[in-house]
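Data file: data19.cif. Format and content: mmCIF, C-alpha atoms.
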```
data_structure
loop_
_atom_site.group_PDB
_atom_site.id
_atom_site.type_symbol
_atom_site.label_atom_id
_atom_site.label_comp_id
_atom_site.auth_asym_id
_atom_site.auth_seq_id
_atom_site.Cartn_x
_atom_site.Cartn_y
_atom_site.Cartn_z
ATOM 1 C CA LEU A 1 14.816 -23.103 -8.623
ATOM 2 C CA ARG A 2 15.951 -20.699 -5.947
ATOM 3 C CA PRO A 3 16.837 -17.080 -6.388
ATOM 4 C CA PRO A 4 20.209 -15.828 -5.197
ATOM 5 C CA ARG A 5 20.084 -14.668 -1.583
ATOM 6 C CA GLY A 6 19.029 -11.087 -1.084
ATOM 7 C CA ARG A 7 17.070 -10.825 -4.338
ATOM 8 C CA VAL A 8 13.362 -11.004 -4.898
ATOM 9 C CA ALA A 9 12.352 -13.805 -7.228
ATOM 10 C CA PRO A 10 9.525 -13.667 -9.724
ATOM 11 C CA ARG A 11 6.255 -14.712 -8.087
ATOM 12 C CA TRP A 12 6.098 -18.031 -9.938
ATOM 13 C CA ASP A 13 9.646 -18.984 -8.978
ATOM 14 C CA LEU A 14 9.536 -18.241 -5.270
ATOM 15 C CA MET A 15 5.987 -19.247 -4.610
ATOM 16 C CA GLY A 16 5.995 -22.379 -6.750
ATOM 17 C CA ASN A 17 2.810 -21.600 -8.623
ATOM 18 C CA ALA A 18 2.620 -19.926 -11.991
ATOM 19 C CA SER A 19 -0.496 -17.988 -12.821
ATOM 20 C CA SER A 20 -1.860 -18.819 -16.219
ATOM 21 C CA ALA A 21 -4.098 -16.647 -18.343
ATOM 22 C CA ALA A 22 -3.988 -18.967 -21.336
ATOM 23 C CA CYS A 23 -6.913 -21.108 -22.420
ATOM 24 C CA CYS A 24 -5.292 -24.143 -20.861
ATOM 25 C CA GLY A 25 -5.075 -22.592 -17.361
ATOM 26 C CA ARG A 26 -6.878 -23.856 -14.284
ATOM 27 C CA ARG A 27 -10.468 -24.787 -15.012
ATOM 28 C CA PRO A 28 -13.251 -23.778 -12.613
ATOM 29 C CA GLY A 29 -14.071 -26.629 -10.288
ATOM 30 C CA ALA A 30 -10.615 -28.239 -10.531
ATOM 31 C CA ALA A 31 -9.316 -29.360 -7.147
ATOM 32 C CA VAL A 32 -6.447 -27.287 -5.764
ATOM 33 C CA LEU A 33 -4.243 -29.583 -3.697
ATOM 34 C CA CYS A 34 -2.244 -28.579 -0.631
ATOM 35 C CA ARG A 35 1.120 -29.090 -2.286
ATOM 36 C CA ASN A 36 4.073 -26.981 -3.360
ATOM 37 C CA ASP A 37 7.154 -28.792 -4.672
ATOM 38 C CA ALA A 38 9.342 -25.676 -4.478
ATOM 39 C CA LEU A 39 8.465 -25.260 -0.783
ATOM 40 C CA SER A 40 9.250 -28.926 -0.121
ATOM 41 C CA LEU A 41 12.659 -28.556 -1.785
ATOM 42 C CA HIS A 42 13.369 -25.357 0.147
ATOM 43 C CA LEU A 43 12.537 -27.046 3.469
ATOM 44 C CA GLU A 44 14.720 -30.034 2.553
ATOM 45 C CA GLU A 45 17.625 -27.704 1.769
ATOM 46 C CA LEU A 46 17.210 -25.896 5.108
ATOM 47 C CA ALA A 47 17.223 -29.266 6.874
ATOM 48 C CA ARG A 48 20.432 -30.305 5.038
ATOM 49 C CA GLU A 49 22.017 -27.038 6.184
ATOM 50 C CA GLU A 50 20.923 -27.942 9.756
ATOM 51 C CA LYS A 51 18.819 -24.802 10.107
ATOM 52 C CA THR A 52 15.951 -24.916 12.608
ATOM 53 C CA PHE A 53 12.790 -22.959 13.336
ATOM 54 C CA ASP A 54 12.515 -21.376 16.761
ATOM 55 C CA SER A 55 8.861 -20.279 16.507
ATOM 56 C CA VAL A 56 5.724 -20.201 14.380
ATOM 57 C CA TRP A 57 3.262 -17.297 14.116
ATOM 58 C CA VAL A 58 -0.358 -17.337 12.914
ATOM 59 C CA TYR A 59 -1.735 -14.113 11.445
ATOM 60 C CA ARG A 60 -5.152 -13.119 10.149
ATOM 61 C CA GLU A 61 -4.990 -10.681 7.243
ATOM 62 C CA GLU A 62 -8.053 -8.709 6.228
ATOM 63 C CA LEU A 63 -8.769 -8.853 2.513
ATOM 64 C CA SER A 64 -10.825 -6.519 0.350
ATOM 65 C CA VAL A 65 -11.745 -7.642 -3.137
ATOM 66 C CA THR A 66 -13.621 -5.664 -5.738
ATOM 67 C CA PRO A 67 -15.067 -8.099 -8.263
ATOM 68 C CA LYS A 68 -14.837 -7.145 -11.900
ATOM 69 C CA SER A 69 -18.235 -6.191 -13.231
ATOM 70 C CA ARG A 70 -19.474 -4.517 -16.374
ATOM 71 C CA SER A 71 -21.718 -2.208 -14.404
ATOM 72 C CA ARG A 72 -20.018 0.226 -12.031
ATOM 73 C CA ALA A 73 -23.218 0.405 -10.007
ATOM 74 C CA ARG A 74 -23.044 -3.343 -9.323
ATOM 75 C CA ARG A 75 -19.470 -3.287 -7.976
ATOM 76 C CA GLU A 76 -19.241 -4.173 -4.318
ATOM 77 C CA VAL A 77 -16.256 -4.527 -2.074
ATOM 78 C CA LEU A 78 -16.182 -8.035 -0.632
ATOM 79 C CA LYS A 79 -14.483 -8.355 2.720
ATOM 80 C CA GLY A 80 -12.836 -11.490 3.960
ATOM 81 C CA HIS A 81 -9.745 -12.754 5.671
ATOM 82 C CA GLN A 82 -6.832 -15.088 5.097
ATOM 83 C CA TYR A 83 -4.843 -16.909 7.769
ATOM 84 C CA VAL A 84 -1.071 -16.983 7.242
ATOM 85 C CA LEU A 85 1.750 -18.965 8.887
ATOM 86 C CA LEU A 86 5.230 -17.600 9.505
ATOM 87 C CA TYR A 87 7.956 -20.039 10.550
ATOM 88 C CA GLN A 88 10.850 -18.092 12.071
ATOM 89 C CA ARG A 89 14.484 -19.117 12.236
ATOM 90 C CA THR A 90 17.378 -17.174 13.709
ATOM 91 C CA GLU A 91 20.760 -17.436 12.029
ATOM 92 C CA ARG A 92 24.118 -15.914 12.756
ATOM 93 C CA LYS A 93 25.379 -13.689 9.932
ATOM 94 C CA VAL A 94 28.986 -12.533 9.969
ATOM 95 C CA CYS A 95 29.405 -8.787 9.537
ATOM 96 C CA GLN A 96 32.560 -6.729 9.492
ATOM 97 C CA ALA A 97 32.559 -4.200 12.325
ATOM 98 C CA ASP A 98 35.042 -1.533 13.283
ATOM 99 C CA ALA A 99 36.620 -2.129 16.668
ATOM 100 C CA THR A 100 38.869 0.109 18.683
ATOM 101 C CA ASP A 101 41.854 -1.304 20.482
ATOM 102 C CA GLY A 102 42.796 1.292 23.118
ATOM 103 C CA ALA A 103 46.591 1.022 22.743
ATOM 104 C CA LYS A 104 46.891 0.151 19.060
ATOM 105 C CA GLY A 105 44.272 2.359 17.430
ATOM 106 C CA VAL A 106 41.461 1.324 15.069
ATOM 107 C CA GLY A 107 41.150 -2.193 13.681
ATOM 108 C CA SER A 108 38.522 -4.384 12.049
ATOM 109 C CA ALA A 109 36.746 -7.350 13.600
ATOM 110 C CA ALA A 110 34.164 -9.826 12.358
ATOM 111 C CA THR A 111 30.993 -9.986 14.425
ATOM 112 C CA ALA A 112 28.284 -12.648 14.198
ATOM 113 C CA LEU A 113 24.903 -10.959 14.531
ATOM 114 C CA PRO A 114 21.585 -12.777 14.916
ATOM 115 C CA VAL A 115 19.318 -12.344 11.879
ATOM 116 C CA ARG A 116 15.712 -13.474 11.860
ATOM 117 C CA THR A 117 14.231 -14.933 8.686
ATOM 118 C CA MET A 118 10.658 -16.049 8.183
ATOM 119 C CA ILE A 119 8.995 -18.403 5.727
ATOM 120 C CA ARG A 120 5.489 -17.194 5.021
ATOM 121 C CA MET A 121 3.015 -19.924 3.981
ATOM 122 C CA ASP A 122 -0.367 -19.133 2.471
ATOM 123 C CA TRP A 123 -3.051 -21.715 1.714
ATOM 124 C CA GLY A 124 -6.026 -20.626 -0.354
ATOM 125 C CA ARG A 125 -7.991 -21.024 -3.563
ATOM 126 C CA GLU A 126 -4.808 -20.525 -5.600
ATOM 127 C CA GLY A 127 -2.914 -23.271 -3.772
ATOM 128 C CA LEU A 128 -0.060 -23.399 -1.271
ATOM 129 C CA THR A 129 2.421 -20.557 -1.681
ATOM 130 C CA PHE A 130 5.434 -19.394 0.293
ATOM 131 C CA LEU A 131 7.783 -16.456 0.535
ATOM 132 C CA GLU A 132 10.952 -15.687 2.509
ATOM 133 C CA LEU A 133 10.619 -12.524 4.619
ATOM 134 C CA ASP A 134 13.011 -10.574 6.805
ATOM 135 C CA ARG A 135 10.350 -9.294 9.221
ATOM 136 C CA ARG A 136 7.103 -10.390 10.775
ATOM 137 C CA LEU A 137 3.671 -9.124 9.781
ATOM 138 C CA PRO A 138 1.978 -6.312 11.741
ATOM 139 C CA GLU A 139 1.386 -7.129 15.406
ATOM 140 C CA SER A 140 -2.267 -6.095 15.036
ATOM 141 C CA GLU A 141 -2.849 -9.123 12.754
ATOM 142 C CA LEU A 142 -1.243 -11.671 15.105
ATOM 143 C CA VAL A 143 -3.629 -14.385 16.320
ATOM 144 C CA CYS A 144 -1.263 -16.689 18.232
ATOM 145 C CA SER A 145 2.227 -18.135 18.181
ATOM 146 C CA LYS A 146 4.327 -20.986 19.515
ATOM 147 C CA VAL A 147 7.949 -21.095 20.641
ATOM 148 C CA PHE A 148 9.436 -24.483 19.839
ATOM 149 C CA GLU A 149 11.148 -26.359 22.650
ATOM 150 C CA PRO A 150 13.333 -27.929 21.260
ATOM 151 C CA ALA A 151 13.868 -26.097 17.972
ATOM 152 C CA LEU A 152 11.954 -27.565 15.026
ATOM 153 C CA SER A 153 13.636 -29.119 11.999
ATOM 154 C CA PRO A 154 12.320 -27.977 8.595
ATOM 155 C CA ALA A 155 12.132 -31.706 7.762
ATOM 156 C CA ALA A 156 9.293 -32.073 10.304
ATOM 157 C CA VAL A 157 7.345 -29.326 8.535
ATOM 158 C CA ALA A 158 8.071 -30.921 5.140
ATOM 159 C CA ASN A 159 6.873 -34.319 6.428
ATOM 160 C CA GLU A 160 3.584 -32.895 7.679
ATOM 161 C CA LEU A 161 3.064 -30.987 4.424
ATOM 162 C CA GLY A 162 3.579 -34.299 2.630
ATOM 163 C CA GLU A 163 0.780 -35.790 4.741
ATOM 164 C CA LEU A 164 -1.479 -32.884 3.746
ATOM 165 C CA SER A 165 -0.614 -32.955 0.033
ATOM 166 C CA PHE A 166 -3.855 -34.658 -0.994
ATOM 167 C CA HIS A 167 -6.129 -32.251 0.865
ATOM 168 C CA ALA A 168 -8.063 -30.100 -1.592
ATOM 169 C CA PHE A 169 -9.017 -26.518 -0.834
ATOM 170 C CA ASP A 170 -12.568 -26.217 0.438
ATOM 171 C CA PRO A 171 -13.818 -22.915 1.893
ATOM 172 C CA GLU A 172 -15.828 -24.761 4.572
ATOM 173 C CA THR A 173 -13.736 -27.810 5.536
ATOM 174 C CA TRP A 174 -10.094 -27.118 4.533
ATOM 175 C CA ASN A 175 -9.339 -23.401 4.259
ATOM 176 C CA SER A 176 -6.473 -21.193 5.455
ATOM 177 C CA SER A 177 -7.649 -21.340 9.069
ATOM 178 C CA HIS A 178 -7.781 -25.160 9.087
ATOM 179 C CA PHE A 179 -4.343 -25.337 7.448
ATOM 180 C CA CYS A 180 -2.616 -22.900 9.825
ATOM 181 C CA PHE A 181 -4.065 -24.274 13.053
ATOM 182 C CA HIS A 182 -3.435 -27.869 11.978
ATOM 183 C CA LEU A 183 0.278 -27.138 11.508
ATOM 184 C CA LEU A 184 0.458 -25.048 14.695
ATOM 185 C CA GLU A 185 -1.065 -27.835 16.774
ATOM 186 C CA THR A 186 0.551 -30.924 15.211
ATOM 187 C CA VAL A 187 4.116 -29.964 14.263
ATOM 188 C CA GLY A 188 6.653 -29.426 17.024
ATOM 189 C CA THR A 189 6.359 -29.098 20.772
ATOM 190 C CA GLY A 190 6.574 -25.916 22.717
ATOM 191 C CA ARG A 191 4.738 -23.103 24.443
ATOM 192 C CA GLU A 192 1.800 -21.402 22.730
ATOM 193 C CA TYR A 193 1.003 -17.780 23.472
#
```
Whole structure, structure tokens version:
Amino acid sequence: LRPPRGRVAPRWDLMGNASSAACCGRRPGAAVLCRNDALSLHLEELAREEKTFDSVWVYREELSVTPKSRSRARREVLKGHQYVLLYQRTERKVCQADATDGAKGVGSAATALPVRTMIRMDWGREGLTFLELDRRLPESELVCSKVFEPALSPAAVANELGELSFHAFDPETWNSSHFCFHLLETVGTGREY
């Protein structure tokens, strides 16, 4: 399921994971696999449309979590971080623009403007999630990036995600940092900076 362009989809639809509060939800200790069928379908669709990624960005977001506790005195703020990947593509969008023709007056012309779109990928205890964004994250959170030479097909990303689909989340051996740097280093060629 994909939302119409320009609209924000419900979290479960766009990210591919539904949160469940029912008794039959995720059990503690259940393995969370590095897989998201909605993301795979989205990447396949981008590949069919011959879209390409021109760069990938790795960010480190600071997290603050206040655990729920019965005693207010026992509440502590836990600090941590989450690594995030942003795959960027640049597309040409046609916009109507007013143009002036010196001798004939005012007319209208179509102009193709470059528009950057990012796919944000998060890997964590809740699974692999993604979101389409129209801007990058704050520069202060940027860790590193890579410009693809040549441009990267979304199919290459989908193939590598398929290879990772049986990896289970583990805070020590397969966390957000491992996920992001694995994809940065193994998918696509280019210049890192």
Q) If you measure from CA of Asn159 in chain A to CA of Glu185 in chain A, what distance in Å do you get, rounded to one decimal? A) 14.6 Å
Determine, counting only C-alpha atoms, which protein, DNA and RNA residues have an atom within 7 Å of an atom of range 52-56 of chain A; residues of the same chain fewer than 5 positions away are not included. Present the result as a short mmCIF file (atom, residue, chain, number, x, y, z; two decimals) with C-alpha atoms, keeping the file's coordinate frame.
```cif
data_model
loop_
_atom_site.label_atom_id
_atom_site.label_comp_id
_atom_site.auth_asym_id
_atom_site.auth_seq_id
_atom_site.Cartn_x
_atom_site.Cartn_y
_atom_site.Cartn_z
CA LEU A 85 1.75 -18.96 8.89
CA LEU A 86 5.23 -17.60 9.51
CA TYR A 87 7.96 -20.04 10.55
CA GLN A 88 10.85 -18.09 12.07
CA ARG A 89 14.48 -19.12 12.24
CA SER A 145 2.23 -18.14 18.18
CA LYS A 146 4.33 -20.99 19.52
CA VAL A 147 7.95 -21.10 20.64
CA PHE A 148 9.44 -24.48 19.84
CA ALA A 151 13.87 -26.10 17.97
CA LEU A 152 11.95 -27.56 15.03
CA SER A 153 13.64 -29.12 12.00
CA PRO A 154 12.32 -27.98 8.60
#
```
Q: Compare A:Gly162, A:Pro114, A:Gly80, A:Gly188 by their minimum atom-to-atom distance to Pro150 in chain A, counting all atoms listed in the file, and give me the closest one.
A: A:Gly188
Q) When you draw a straight line from CA of Glu141 in chain A to CA of Thr90 in chain A, how long is it in Å? A)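 Computed distance, CA of Glu141 in chain A to CA of Thr90 in chain A, equals 21.8 Å.
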Q.
Ranking A:Glu149, A:Arg191, A:Arg120, A:Glu163 by minimum distance to Arg136 in chain A and counting all atoms listed in the file, which one comes first?
A.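 Nearest to Arg136 in chain A: A:Arg120.
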Q. For this file, the PyMOL selection byres ((chain A and resi 168-171) around 6) selects which residues, as a list in words?
A.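 Those residues are Ala31, Val32, Leu33, His167, Glu172, Thr173, Trp174 and Asn175 of chain A.
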